[in-house]
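Structure record follows, encoded as structure tokens.
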Amino acid sequence: MTKLFHQIRSTHLPIVLLIAVLFCVVVWRDSSLAQKVAVENLPEPPSATTQIIMQASDTAFVYRLLLLWLQQFDVQAGQYVSYRNLDYDHLADWLKSLQMMAPESQYPMLMATRIYTKVADQQRIRQMLDFVHQQFLLDPEKNWRWLAESTVIARHKLKDLPLALSYAQLLADEPSEIIPFWARDMKLTILEDMGEFEQVKLLVGGLLANKAISDPNELKFLNSLLKRLQKNNN
Amino acid sequence: MFSSITTIARYSLLEAVRGKIIWIMVSLLLLSVMLSLFIGETTLTETRETQVAFMAGFLRLSSVMVIIFFVVSSISRDFQDKSVELLFSISMPRYQVFLGKFFGFGLVALSAVIIFSIGLVFYSDISVVFFWALSLWCELTLVALISLIFILSLEHVAVSLVASIGAYALMRFMPAIQSMGDGPFQDSAFNQLMNKVLDLIDLILPRLDHFAQSRWLVNGAAAEIDVIYFLLEFVLFVCLFVVVGVIDLKRKAI
């Protein structure tokens with residue numbers, strides 16, 4: 001019996017030890033993972049100096065890495081963190097920092113308009129729209145479509161017609177020819193929603209009269225809008 | 001002269017092939033492709049840009065590490081099996097041995113860069129990939145040269161690895177290190193002295209942060225790549241390091 005025990009001990013001891021240690025490791029890892037279920041708060045974005053250090057030599061790589069980290073921040077330790085629990089002040093600062101790192105990228109704008117406006121909190125939505133607004137002022141040709149989306153969000157989600165009108169006005173006033181007519185003419189539909197029929201009629205009439213518009217689709221849209229307004233008036 | 005240099009270079013390349021370095025490079029490429037596919041699934045927009053940035057960043061850093069380890073281990077093996085002593089005992093000038101090894105490692109770097117380029121042409125414009133690959137080859141060759149100098153001079157694997165990786169970090173992150181010393185509250189005499197030392201080091205080391213940038217592949221604009229700058233920097237520093245390496249090797253007592 002003793003001999004058999006010794007034989008088992010000498011041949012199987014390493015495997016038994018391996019299983020025992022592996023068991024301890026699994027138990028330890030499992031318990032340490034369980035301790036990490038507390039949700040982390042979004043930290044402040046790195047300072048300008050830290051950003052230089054982080055970007056050292058490969059800005060594009062670090063930029064994309066930070067972008068994906070921020071995008072995945074609401075998934076922590078196997079649970080989804082509600083956007084209401086995110087610090088939107090820090091979030092807006094993060095988006096600003098990222099946009100400064102790669103001004104040609106559209107990613108932060110998309111995150112602001114299509115992800116972080118999905119929060120059920122008007123104040124937080126306004127923070128994101130304000131970020132888009134600021135970015136539009138910096139580069140209208142690149143960011144006009146995000147301001148157009150923000151106009152829609154302000155109009156339909158926030159039901160804030162004056163805010164939507166202010167954004168639409170910026171789009172309409174932008175001299176760049178890149179901005180298409182549907183974006184410029186959002187101002188007219190918002191004014192119509194606000195009940196400013198006379199003002200819309202005046203604006204549309206003016207646009208048609210000065211022959212500044214050559215696009216047949218835009219002309220068709222403006223004519224139909226004018227006809228509808230006149231019909232409603234009668 | 002050329003035949004002895006090319007023979008040594010050929011054997012270095014052969015060692016890389018037999019030591020499965022080429023397969024390691026192929027594995028790195030496959031790993032980077034898998035990484036990019038995974039990353040691509042997580043992005044909401046600019047998928048290609050994100051994929052290529054990750055691929056390029058990963059390939060650049062990992063290939064530098066592989067080259068450093070290969071150069072150091074290769075020369076270390078030569079010391080152990082007395083190949084170095086054999087080479088120095090025959091009637092061949094030491095500078096030829098040095099150049100032969102250097103060209104051999106340059107060819108290993110070239111094969112790595114060719115392998116990576118094959119993968120990257122699917123993600124970016126071919127002309128941009130060409131310039132990025134050329135720039136990466138310059139970077140890898142400079143790193144191989146510095147590792148060669150360290151291992152020939154120091155002879156110890158661990159010390160040479162640390163020195164080579166440290167030198168690479170200095171060449172790559174010098175602007176970041178300098179900006180750390182430029183803070184508003186760092187005006188002590190010691191700090192000013194350190195800044196001067198860093199500026200001095202910066203003058204005698206190549207700025208690898210200007211080489212093989214992922215940004216080129218992301219933007220796909222070949223026109224914005226300053227090819228003359230990195231080629232000139234490469235040629236100048238290769239000359240400097242080769243002279244330093246040869247002088248050190250000539251003084252070495254075997």
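Chain lettering (A, B, ...) mirrors the order of the structure tokens, residue numbering begins at 1 for each chain separately, and ligand numbering begins at 1 in order of display.
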
Exercise. Taking only C-alpha atoms into account, report as a list in words which residues of chain B lie within 6 Å of chain A.
Key: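 Interface list for chain B against chain A: Thr50, Ala53, Phe54, Gly57, Phe173, Ala176, Asp209, Gln213, Ser214 and Arg215 of chain B.
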
Quiz prompt | Neighbour list for segment 249-253 of chain B as a ChimeraX atom specification, cut-off 8 Å, only C-alpha atoms, skip fewer than 4 positions in-chain | solution = /B:94-95,98,152-153,245

Any chance you could export the current selection's N, CA and C atoms as an mmCIF file, in the first residue's frame?
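Wrote out-v4.cif, looks like this:
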```
data_model
loop_
_atom_site.group_PDB
_atom_site.id
_atom_site.type_symbol
_atom_site.label_atom_id
_atom_site.label_comp_id
_atom_site.auth_asym_id
_atom_site.auth_seq_id
_atom_site.Cartn_x
_atom_site.Cartn_y
_atom_site.Cartn_z
ATOM 1 N N ARG B 94 38.354 44.202 -40.774
ATOM 2 C CA ARG B 94 37.192 44.128 -39.879
ATOM 3 C C ARG B 94 36.001 44.933 -40.408
ATOM 4 N N TYR B 95 36.313 46.008 -41.112
ATOM 5 C CA TYR B 95 35.190 46.817 -41.616
ATOM 6 C C TYR B 95 34.334 46.027 -42.603
ATOM 7 N N PHE B 98 32.004 43.931 -40.609
ATOM 8 C CA PHE B 98 30.935 44.801 -40.089
ATOM 9 C C PHE B 98 29.917 45.129 -41.189
ATOM 10 N N LEU B 152 28.190 44.045 -30.596
ATOM 11 C CA LEU B 152 29.626 43.869 -30.867
ATOM 12 C C LEU B 152 30.466 44.535 -29.790
ATOM 13 N N SER B 153 29.944 45.618 -29.250
ATOM 14 C CA SER B 153 30.691 46.353 -28.247
ATOM 15 C C SER B 153 30.517 45.760 -26.849
ATOM 16 N N GLY B 245 30.735 52.204 -35.571
ATOM 17 C CA GLY B 245 30.815 50.743 -35.405
ATOM 18 C C GLY B 245 32.157 50.192 -35.846
#
```

Exercise. Can you check which residues of segment 38-224 of chain A DSSP gives as alpha helix (DSSP H) on the backbone and send them as an NGL selection string?
Key: :A and (48-55 or 59-71 or 88-101 or 107-110 or 122-138 or 140-152 or 161-173 or 181-184 or 186-193 or 197-209 or 216-224)

Practice problem: With a distance cut-off of 9 Å and only C-alpha atoms, select the neighbouring residues of Val108 of chain B, excluding the residue or stretch itself and same-chain residues fewer than 5 positions from it, and output the selection as number ranges by chain. | Solution: B: 12-13, 16-17, 21-22, 67, 103, 113, 141

Quiz item: Ala222 of chain B: which residues within 10 Å, counting only C-alpha atoms, same-chain residues fewer than 4 positions away excluded, as number ranges by chain?
Solution: B: 125-132, 216-217, 226-227

With N, CA and C atoms retained, could you export that selection as a PDB file, in the first residue's frame?
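Resulting contents of again_19.pdb:
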```pdb
ATOM      1  N   ASP B 125      -3.512  52.980 -50.632  1.00  0.00           N
ATOM      2  CA  ASP B 125      -3.028  53.205 -51.983  1.00  0.00           C
ATOM      3  C   ASP B 125      -1.599  52.648 -52.141  1.00  0.00           C
ATOM      4  N   ILE B 126      -1.348  52.024 -53.278  1.00  0.00           N
ATOM      5  CA  ILE B 126      -0.066  51.310 -53.457  1.00  0.00           C
ATOM      6  C   ILE B 126       1.149  52.244 -53.387  1.00  0.00           C
ATOM      7  N   SER B 127       1.000  53.470 -53.890  1.00  0.00           N
ATOM      8  CA  SER B 127       2.140  54.400 -53.853  1.00  0.00           C
ATOM      9  C   SER B 127       2.446  54.811 -52.409  1.00  0.00           C
ATOM     10  N   VAL B 128       1.401  54.986 -51.606  1.00  0.00           N
ATOM     11  CA  VAL B 128       1.606  55.344 -50.190  1.00  0.00           C
ATOM     12  C   VAL B 128       2.238  54.174 -49.444  1.00  0.00           C
ATOM     13  N   VAL B 129       1.755  52.958 -49.749  1.00  0.00           N
ATOM     14  CA  VAL B 129       2.323  51.761 -49.102  1.00  0.00           C
ATOM     15  C   VAL B 129       3.803  51.651 -49.460  1.00  0.00           C
ATOM     16  N   PHE B 130       4.147  51.968 -50.705  1.00  0.00           N
ATOM     17  CA  PHE B 130       5.549  51.898 -51.127  1.00  0.00           C
ATOM     18  C   PHE B 130       6.420  52.848 -50.289  1.00  0.00           C
ATOM     19  N   PHE B 131       5.968  54.097 -50.142  1.00  0.00           N
ATOM     20  CA  PHE B 131       6.763  55.064 -49.376  1.00  0.00           C
ATOM     21  C   PHE B 131       6.811  54.705 -47.895  1.00  0.00           C
ATOM     22  N   TRP B 132       5.686  54.213 -47.378  1.00  0.00           N
ATOM     23  CA  TRP B 132       5.660  53.791 -45.978  1.00  0.00           C
ATOM     24  C   TRP B 132       6.639  52.632 -45.766  1.00  0.00           C
ATOM     25  N   TRP B 216       0.176  58.389 -42.864  1.00  0.00           N
ATOM     26  CA  TRP B 216       0.318  58.379 -44.323  1.00  0.00           C
ATOM     27  C   TRP B 216      -0.644  57.368 -44.934  1.00  0.00           C
ATOM     28  N   LEU B 217      -0.694  56.190 -44.321  1.00  0.00           N
ATOM     29  CA  LEU B 217      -1.560  55.124 -44.853  1.00  0.00           C
ATOM     30  C   LEU B 217      -3.033  55.452 -44.638  1.00  0.00           C
ATOM     31  N   ASP B 226       7.358  63.300 -46.808  1.00  0.00           N
ATOM     32  CA  ASP B 226       8.617  63.965 -47.110  1.00  0.00           C
ATOM     33  C   ASP B 226       9.702  62.900 -47.311  1.00  0.00           C
ATOM     34  N   VAL B 227       9.739  62.349 -48.526  1.00  0.00           N
ATOM     35  CA  VAL B 227      10.645  61.235 -48.822  1.00  0.00           C
ATOM     36  C   VAL B 227      12.109  61.683 -48.713  1.00  0.00           C
TER      37      VAL B 227
END
```

For segment 181-196 of chain A, please output as a compact mmCIF listing (two decimals) with N, CA and C atoms, in the first residue's frame all residues within 12 Å (counting only C-alpha atoms; exclusion window: fewer than 5 positions along the same chain).
```txt
# COMPACT_ATOMS: atom_id res chain seq x y z
N TRP A 144 -20.71 70.33 -41.94
CA TRP A 144 -22.08 70.78 -42.17
C TRP A 144 -23.10 69.67 -41.98
N ARG A 145 -22.74 68.44 -42.41
CA ARG A 145 -23.76 67.39 -42.33
C ARG A 145 -24.07 66.97 -40.90
N TRP A 146 -23.06 67.15 -40.01
CA TRP A 146 -23.32 66.84 -38.60
C TRP A 146 -24.20 67.91 -37.97
N LEU A 147 -24.05 69.16 -38.44
CA LEU A 147 -24.94 70.22 -37.94
C LEU A 147 -26.35 70.01 -38.48
N ALA A 148 -26.45 69.51 -39.72
CA ALA A 148 -27.77 69.20 -40.28
C ALA A 148 -28.46 68.12 -39.44
N GLU A 149 -27.68 67.09 -39.03
CA GLU A 149 -28.25 66.04 -38.17
C GLU A 149 -28.64 66.61 -36.81
N SER A 150 -27.81 67.54 -36.33
CA SER A 150 -28.11 68.16 -35.03
C SER A 150 -29.40 68.98 -35.12
N THR A 151 -29.63 69.59 -36.28
CA THR A 151 -30.86 70.37 -36.48
C THR A 151 -32.08 69.44 -36.35
N VAL A 152 -31.95 68.27 -36.98
CA VAL A 152 -33.05 67.29 -36.92
C VAL A 152 -33.27 66.83 -35.47
N ALA A 154 -32.49 68.46 -32.72
CA ALA A 154 -33.06 69.57 -31.94
C ALA A 154 -34.56 69.72 -32.23
N ARG A 155 -34.91 69.50 -33.48
CA ARG A 155 -36.31 69.69 -33.88
C ARG A 155 -37.21 68.55 -33.39
N HIS A 156 -36.76 67.31 -33.57
CA HIS A 156 -37.63 66.17 -33.28
C HIS A 156 -37.42 65.55 -31.91
N LYS A 159 -37.43 68.86 -29.39
CA LYS A 159 -38.62 69.70 -29.69
C LYS A 159 -38.32 71.17 -29.41
N ASP A 160 -37.06 71.52 -29.64
CA ASP A 160 -36.62 72.90 -29.40
C ASP A 160 -36.49 73.58 -30.76
N LEU A 161 -37.60 74.15 -31.23
CA LEU A 161 -37.60 74.73 -32.58
C LEU A 161 -36.68 75.94 -32.71
N PRO A 162 -36.61 76.84 -31.71
CA PRO A 162 -35.65 77.96 -31.84
C PRO A 162 -34.21 77.49 -32.01
N LEU A 163 -33.83 76.43 -31.24
CA LEU A 163 -32.47 75.90 -31.37
C LEU A 163 -32.25 75.31 -32.76
N ALA A 164 -33.24 74.53 -33.21
CA ALA A 164 -33.16 73.92 -34.55
C ALA A 164 -33.05 75.03 -35.61
N LEU A 165 -33.83 76.08 -35.41
CA LEU A 165 -33.81 77.19 -36.38
C LEU A 165 -32.44 77.88 -36.40
N SER A 166 -31.83 78.03 -35.21
CA SER A 166 -30.52 78.69 -35.17
C SER A 166 -29.47 77.88 -35.93
N TYR A 167 -29.55 76.54 -35.79
CA TYR A 167 -28.61 75.69 -36.54
C TYR A 167 -28.90 75.76 -38.04
N ALA A 168 -30.20 75.67 -38.38
CA ALA A 168 -30.57 75.71 -39.79
C ALA A 168 -30.18 77.05 -40.43
N GLN A 169 -30.28 78.10 -39.63
CA GLN A 169 -29.90 79.43 -40.13
C GLN A 169 -28.40 79.45 -40.48
N LEU A 170 -27.60 78.81 -39.61
CA LEU A 170 -26.15 78.75 -39.87
C LEU A 170 -25.87 78.02 -41.19
N LEU A 171 -26.63 76.94 -41.40
CA LEU A 171 -26.45 76.17 -42.65
C LEU A 171 -26.86 77.00 -43.86
N ALA A 172 -27.97 77.72 -43.71
CA ALA A 172 -28.48 78.53 -44.82
C ALA A 172 -27.53 79.68 -45.14
N ASP A 173 -26.88 80.22 -44.10
CA ASP A 173 -26.01 81.39 -44.30
C ASP A 173 -24.61 81.02 -44.79
N GLU A 174 -24.28 79.73 -44.73
CA GLU A 174 -22.92 79.31 -45.11
C GLU A 174 -22.72 79.50 -46.61
N PRO A 175 -21.70 80.27 -47.01
CA PRO A 175 -21.52 80.54 -48.44
C PRO A 175 -21.00 79.35 -49.25
N SER A 176 -20.42 78.37 -48.57
CA SER A 176 -19.82 77.25 -49.31
C SER A 176 -20.86 76.52 -50.17
N LYS A 201 -43.03 82.20 -46.86
CA LYS A 201 -43.46 82.61 -48.20
C LYS A 201 -42.54 83.70 -48.76
N LEU A 202 -42.20 84.62 -47.89
CA LEU A 202 -41.30 85.71 -48.32
C LEU A 202 -39.93 85.18 -48.74
N LEU A 203 -39.41 84.28 -47.89
CA LEU A 203 -38.08 83.72 -48.17
C LEU A 203 -38.07 82.92 -49.46
N VAL A 204 -39.08 82.04 -49.62
CA VAL A 204 -39.17 81.19 -50.82
C VAL A 204 -39.38 82.06 -52.04
N GLY A 205 -40.28 83.01 -51.91
CA GLY A 205 -40.54 83.92 -53.03
C GLY A 205 -39.28 84.66 -53.44
N LEU A 207 -36.15 83.69 -52.93
CA LEU A 207 -35.19 82.74 -53.52
C LEU A 207 -35.52 82.46 -54.98
N ALA A 212 -31.23 82.68 -58.07
CA ALA A 212 -29.93 82.20 -57.59
C ALA A 212 -29.87 80.68 -57.59
N ILE A 213 -31.05 80.07 -57.64
CA ILE A 213 -31.11 78.60 -57.57
C ILE A 213 -31.27 78.02 -58.97
N SER A 214 -30.39 77.09 -59.29
CA SER A 214 -30.46 76.47 -60.62
C SER A 214 -30.80 74.99 -60.54
N ASP A 215 -30.62 74.41 -59.36
CA ASP A 215 -30.88 72.97 -59.22
C ASP A 215 -32.37 72.68 -59.42
N PRO A 216 -32.72 71.82 -60.40
CA PRO A 216 -34.14 71.57 -60.69
C PRO A 216 -34.90 70.96 -59.50
N ASN A 217 -34.20 70.10 -58.73
CA ASN A 217 -34.85 69.48 -57.57
C ASN A 217 -35.18 70.51 -56.49
N GLU A 218 -34.24 71.45 -56.30
CA GLU A 218 -34.47 72.49 -55.29
C GLU A 218 -35.62 73.41 -55.73
N LEU A 219 -35.60 73.73 -57.03
CA LEU A 219 -36.68 74.59 -57.56
C LEU A 219 -38.04 73.91 -57.38
N LYS A 220 -38.06 72.60 -57.66
CA LYS A 220 -39.30 71.82 -57.53
C LYS A 220 -39.78 71.84 -56.08
N PHE A 221 -38.82 71.64 -55.15
CA PHE A 221 -39.16 71.63 -53.72
C PHE A 221 -39.71 72.99 -53.28
N LEU A 222 -39.05 74.05 -53.69
CA LEU A 222 -39.46 75.39 -53.26
C LEU A 222 -40.83 75.77 -53.85
N LEU A 225 -43.47 73.86 -51.98
CA LEU A 225 -43.64 74.45 -50.64
C LEU A 225 -44.47 75.73 -50.72
N LEU A 226 -44.16 76.54 -51.72
CA LEU A 226 -44.88 77.80 -51.90
C LEU A 226 -46.35 77.55 -52.21
N ARG A 228 -48.09 74.89 -51.45
CA ARG A 228 -48.77 74.34 -50.27
C ARG A 228 -49.13 75.44 -49.28
N LEU A 229 -48.22 76.38 -49.10
CA LEU A 229 -48.47 77.49 -48.17
C LEU A 229 -49.62 78.37 -48.66
N ASN A 232 -52.89 76.52 -48.18
CA ASN A 232 -53.28 76.54 -46.76
C ASN A 232 -53.85 77.90 -46.37
N ASN A 233 -53.28 78.96 -46.95
CA ASN A 233 -53.73 80.32 -46.66
C ASN A 233 -55.15 80.56 -47.17
```
